[in-house]
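Visitor: Structure provided below as C-alpha cells; questions to follow.
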Amino acid sequence: MKVKCRAVASILLLASGAIHAAPDVPKQTPDTYARPGERVTIAPGRALNLRCSGKGPRTVVLEAGGNADSTTWFRVQSLLSASARVCSYDRAGYGFSDKGPMPRNLQADVDDLHALIKAAKLKTPVLLVGHSLGSNIVRSYAQQHRREVAGLVLVDPPEQGAQAKMPQQWQRDDEAMRAQRNEFLDACTKAAVAGTLDSADGPLKSCLRAPPEWQSPAVAAATRAYKLKPLYWQTLHSELDENVAIFAAPVPADASFGSLPVVVLSAGNDYPGLPDEVRKVLTDARNQTRERLVAASTKGRRVDVAGTSHDIQLDQPQAVVDAVLGVIDATR
C-alpha cells in the first residue's frame, strides 16, 4: 500500500465501527446525542460534556478511544443503565467539550478525568472502562488514583512495543506516513480556520468522511458540525502525535495493579494484507501486551470476543456489559 494511502486511511478509519449489534440493542444513536448532556465545569472557562444514566451500586465511567467521543458508547450505556450508574463523556476538544491544554497526552487526559469525576460528584470508587487509547488513559488513572478505582475493563487495548521490532523499511515508511498525515491534518485545520472545510474539493474533501451507519442523521450532523471547527483538528493532531510514544513502549514487565480487578477484552485480528514478518511482530506485541495487562493484577483475566472488529463496544456491546457486571459482582 502506498504511504500516502496509509496516512489518509489511518485517520479516516479511526472510530469507525461495523454494525453487528444484537436485535435488542439500539441500531442507531438516540437523537439526544445530537446535543450536550451535562456540561460540567472542571476549571475556569473549561467544561466537559458528561452523559449519565441509570442507577445501581456502582458508578461506571466509559472512556472512548482515539478520535472518538461519547457516542461510541451508546449501545453499552443503553444496556448497562439497567444495572449501574453509567457515565460517558467527551474528552477535551471532542464532541461538546471545550478545548483542553496542549499537548493532549495521557497526563492531560488523566487530569481532566480526575477533575470531571470530582466536579460531577461521581460516587467513588468508580469502575473504569476504556476502549483502545481509552484503555491507556484508564490504566494511567488507576495507577495515579488507586483508591478512586474499583476495577478496570480494557476493551481491545492496542499492541504496544511493536514499532522498534518492525523491518527497517516499514519503519521508514511509517515515519513518512506520519509526516504526510500531519500535512493532511494541517491542511484540514487551515480550511477549518478559513471556514471553507464544508465545501472543500479535491484531497480536502477527505477531511470529513461519511458518517458510520450507527449514527442517526441528527447525530451525524452534530458530529460534522464540531469537525468543521479548528479545535477538533488541533486536538486530533496533538493526540495522534502523542500516541506515537504511548504505543511505542511495551507494557512494563513489572506493571502492577495489585488486587484491582482487571478484565481484558480481546478482539480477533490476523492483520490481513500485511507481510508475514510485519504480521508476526504485531501479533507478538499484541499477545505480550494483553498477557502483561492480565498478569499485572492478581484478579486479572482475558476474554476473547470472537466475530468482532476492534470496536467491540459497537459490534458486541453485551460482551462489555458482561465484563462490567462481573467486576461489579466481584466488588460488592
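Please note that chains go A, B, ... in the order of the C-alpha cells, that every chain numbers its residues from 1, and that ligands are numbered from 1 in the order shown.
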What's around Asp98 of chain A at 8 Å? Count only C-alpha atoms, leave out sequence neighbours fewer than 3 positions away in its own chain, and write the answer as a list in words.

Guide: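 That gives Arg46, Ala47, Leu48, Ala92, Gly93 and Tyr94 of chain A.
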
Visitor: What does the distance between atom CA of Gly307 of chain A and atom CA of Glu159 of chain A come to in Å, to one decimal place?

Guide: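 Going from atom CA of Gly307 of chain A over to atom CA of Glu159 of chain A covers 19.0 Å.
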
Visitor: Would you return as a JSON list (two decimals) with C-alpha atoms, in the first residue's frame the members of segment 192-267 of chain A that DSSP assigns to strand (DSSP E or B) on this structure's backbone?

Guide:
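Saved file out-v2.json follows:
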```json
[["chain", "number", "residue", "atom", "x", "y", "z"],
["A", 258, "GLY", "CA", -2.25, -5.25, 42.82],
["A", 262, "VAL", "CA", -8.82, -6.17, 35.54],
["A", 263, "VAL", "CA", -10.66, -7.66, 32.54],
["A", 264, "VAL", "CA", -9.05, -7.51, 29.09],
["A", 265, "LEU", "CA", -11.49, -7.96, 26.21],
["A", 266, "SER", "CA", -9.61, -9.09, 23.12],
["A", 267, "ALA", "CA", -10.87, -8.98, 19.53]]
```

Visitor: Please identify the alpha helix (DSSP H) residues within segment 171-322 of chain A (assignment by DSSP from backbone atoms) and present them as a PDB file with C-alpha atoms, in the first residue's frame.

Guide:
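Dumped everything to out.pdb:
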```
ATOM      1  CA  GLN A 171       9.807   1.986   9.962  1.00  0.00           C
ATOM      2  CA  ARG A 172      10.933   4.388   7.245  1.00  0.00           C
ATOM      3  CA  ASP A 173       7.569   4.142   5.508  1.00  0.00           C
ATOM      4  CA  ASP A 174       5.795   4.659   8.807  1.00  0.00           C
ATOM      5  CA  GLU A 175       7.776   7.815   9.512  1.00  0.00           C
ATOM      6  CA  ALA A 176       6.945   9.137   6.054  1.00  0.00           C
ATOM      7  CA  MET A 177       3.306   8.225   6.630  1.00  0.00           C
ATOM      8  CA  ARG A 178       3.194  10.260   9.841  1.00  0.00           C
ATOM      9  CA  ALA A 179       4.706  13.260   8.071  1.00  0.00           C
ATOM     10  CA  GLN A 180       2.104  13.045   5.300  1.00  0.00           C
ATOM     11  CA  ARG A 181      -0.655  12.525   7.860  1.00  0.00           C
ATOM     12  CA  ASN A 182       0.389  15.704   9.641  1.00  0.00           C
ATOM     13  CA  GLU A 183       0.435  17.622   6.359  1.00  0.00           C
ATOM     14  CA  PHE A 184      -3.080  16.407   5.738  1.00  0.00           C
ATOM     15  CA  LEU A 185      -4.208  17.436   9.233  1.00  0.00           C
ATOM     16  CA  ASP A 186      -2.601  20.847   8.833  1.00  0.00           C
ATOM     17  CA  ALA A 187      -4.452  21.357   5.557  1.00  0.00           C
ATOM     18  CA  CYS A 188      -7.759  20.366   7.177  1.00  0.00           C
ATOM     19  CA  THR A 189      -7.055  22.744  10.058  1.00  0.00           C
ATOM     20  CA  LYS A 190      -6.332  25.645   7.699  1.00  0.00           C
ATOM     21  CA  ALA A 191      -9.545  25.019   5.801  1.00  0.00           C
ATOM     22  CA  ALA A 192     -11.465  24.909   9.103  1.00  0.00           C
ATOM     23  CA  VAL A 193      -9.911  28.226  10.170  1.00  0.00           C
ATOM     24  CA  ALA A 194     -10.857  29.742   6.810  1.00  0.00           C
ATOM     25  CA  PRO A 217     -28.888  11.719  10.845  1.00  0.00           C
ATOM     26  CA  ALA A 218     -29.189  14.231  13.695  1.00  0.00           C
ATOM     27  CA  VAL A 219     -26.098  12.909  15.485  1.00  0.00           C
ATOM     28  CA  ALA A 220     -24.155  12.710  12.215  1.00  0.00           C
ATOM     29  CA  ALA A 221     -24.982  16.381  11.558  1.00  0.00           C
ATOM     30  CA  ALA A 222     -23.870  17.382  15.056  1.00  0.00           C
ATOM     31  CA  THR A 223     -20.642  15.416  14.677  1.00  0.00           C
ATOM     32  CA  ARG A 224     -19.941  17.040  11.330  1.00  0.00           C
ATOM     33  CA  ALA A 225     -20.559  20.458  12.867  1.00  0.00           C
ATOM     34  CA  TYR A 226     -17.877  20.054  15.525  1.00  0.00           C
ATOM     35  CA  LYS A 227     -15.455  18.572  12.995  1.00  0.00           C
ATOM     36  CA  PRO A 230     -10.316  24.155  14.024  1.00  0.00           C
ATOM     37  CA  LEU A 231     -10.389  22.892  17.629  1.00  0.00           C
ATOM     38  CA  TYR A 232     -11.218  19.357  16.522  1.00  0.00           C
ATOM     39  CA  TRP A 233      -8.290  19.185  14.085  1.00  0.00           C
ATOM     40  CA  GLN A 234      -5.854  20.733  16.548  1.00  0.00           C
ATOM     41  CA  THR A 235      -6.901  18.199  19.191  1.00  0.00           C
ATOM     42  CA  LEU A 236      -6.684  15.250  16.809  1.00  0.00           C
ATOM     43  CA  HIS A 237      -3.259  16.347  15.558  1.00  0.00           C
ATOM     44  CA  SER A 238      -1.898  16.537  19.103  1.00  0.00           C
ATOM     45  CA  GLU A 239      -3.491  13.242  20.171  1.00  0.00           C
ATOM     46  CA  LEU A 240      -2.054  11.348  17.206  1.00  0.00           C
ATOM     47  CA  ASP A 241       1.406  12.816  17.771  1.00  0.00           C
ATOM     48  CA  GLU A 242       1.327  11.783  21.423  1.00  0.00           C
ATOM     49  CA  ASN A 243       0.146   8.269  20.532  1.00  0.00           C
ATOM     50  CA  VAL A 244       3.468   7.530  18.847  1.00  0.00           C
ATOM     51  CA  ALA A 245       5.267   7.467  22.200  1.00  0.00           C
ATOM     52  CA  ILE A 246       2.372   5.806  24.045  1.00  0.00           C
ATOM     53  CA  PHE A 247       2.258   2.779  21.779  1.00  0.00           C
ATOM     54  CA  ALA A 248       5.991   2.562  21.055  1.00  0.00           C
ATOM     55  CA  ASP A 276       4.257 -12.099   7.188  1.00  0.00           C
ATOM     56  CA  GLU A 277       7.178 -10.515   9.054  1.00  0.00           C
ATOM     57  CA  VAL A 278       5.095  -7.479   9.945  1.00  0.00           C
ATOM     58  CA  ARG A 279       2.117  -9.616  10.955  1.00  0.00           C
ATOM     59  CA  LYS A 280       4.339 -11.645  13.302  1.00  0.00           C
ATOM     60  CA  VAL A 281       5.684  -8.533  15.040  1.00  0.00           C
ATOM     61  CA  LEU A 282       2.180  -7.149  15.563  1.00  0.00           C
ATOM     62  CA  THR A 283       0.776 -10.479  16.745  1.00  0.00           C
ATOM     63  CA  ASP A 284       3.612 -10.999  19.218  1.00  0.00           C
ATOM     64  CA  ALA A 285       3.264  -7.428  20.525  1.00  0.00           C
ATOM     65  CA  ARG A 286      -0.495  -7.799  20.876  1.00  0.00           C
ATOM     66  CA  ASN A 287      -0.158 -11.050  22.822  1.00  0.00           C
ATOM     67  CA  GLN A 288       2.563  -9.638  25.062  1.00  0.00           C
ATOM     68  CA  THR A 289       0.509  -6.507  25.752  1.00  0.00           C
ATOM     69  CA  ARG A 290      -2.532  -8.456  26.838  1.00  0.00           C
ATOM     70  CA  GLU A 291      -0.628 -11.087  28.784  1.00  0.00           C
ATOM     71  CA  ARG A 292       1.175  -8.417  30.793  1.00  0.00           C
ATOM     72  CA  LEU A 293      -2.019  -6.485  31.477  1.00  0.00           C
ATOM     73  CA  VAL A 294      -3.715  -9.612  32.793  1.00  0.00           C
ATOM     74  CA  ALA A 295      -0.651 -10.600  34.820  1.00  0.00           C
ATOM     75  CA  ILE A 312     -16.184  -4.420  20.452  1.00  0.00           C
ATOM     76  CA  GLN A 313     -18.392  -1.842  22.188  1.00  0.00           C
ATOM     77  CA  LEU A 314     -20.284  -1.354  18.912  1.00  0.00           C
ATOM     78  CA  ASP A 315     -20.175  -4.871  17.474  1.00  0.00           C
ATOM     79  CA  PRO A 317     -21.771  -4.465  23.430  1.00  0.00           C
ATOM     80  CA  GLN A 318     -23.119  -7.286  25.583  1.00  0.00           C
ATOM     81  CA  ALA A 319     -19.568  -8.632  25.949  1.00  0.00           C
ATOM     82  CA  VAL A 320     -18.546  -5.309  27.513  1.00  0.00           C
ATOM     83  CA  VAL A 321     -21.627  -5.247  29.725  1.00  0.00           C
ATOM     84  CA  ASP A 322     -20.992  -8.809  30.933  1.00  0.00           C
TER      85      ASP A 322
END
```

Visitor: Residues within 10 Å of Phe257 of chain A, please, as a list in words. Count only C-alpha atoms; anything in the same chain fewer than 6 positions from it doesn't count.

Guide: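 The neighbour list is Arg139, Ala142, Gln143, Arg146, Gly151, Leu152, Leu293, Val294, Ala295, Ala296, Ser297, Thr298, Lys299 and Gly300 of chain A.
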
Visitor: What separation in Å, quoted to one decimal, exists between atom CA of Pro261 of chain A and atom CA of Ala162 of chain A?

Guide: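 Going from atom CA of Pro261 of chain A over to atom CA of Ala162 of chain A covers 26.6 Å.
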
Visitor: Please determine, counting only C-alpha atoms, which residue among A:Arg85, A:Arg51, A:Arg58, A:Lys229 has the shortest atom-to-atom distance to Thr71 of chain A.

Guide: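 The shortest atom-to-atom distance to Thr71 of chain A comes from A:Arg51.
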
Visitor: Just want the 10 Å neighbourhood of Leu127 of chain A, counted on only C-alpha atoms, with same-chain residues fewer than 2 positions away dropped. Output as a ChimeraX atom specification.

Guide: /A:58-62,86,124-125,129,138,142,148-153,261,324,327-328,331

Visitor: Out of A:His310, A:Asp112, A:Ala255, A:Asp69, which residue has the shortest atom-to-atom distance to Tyr271 of chain A when counting only C-alpha atoms?

Guide: A:His310
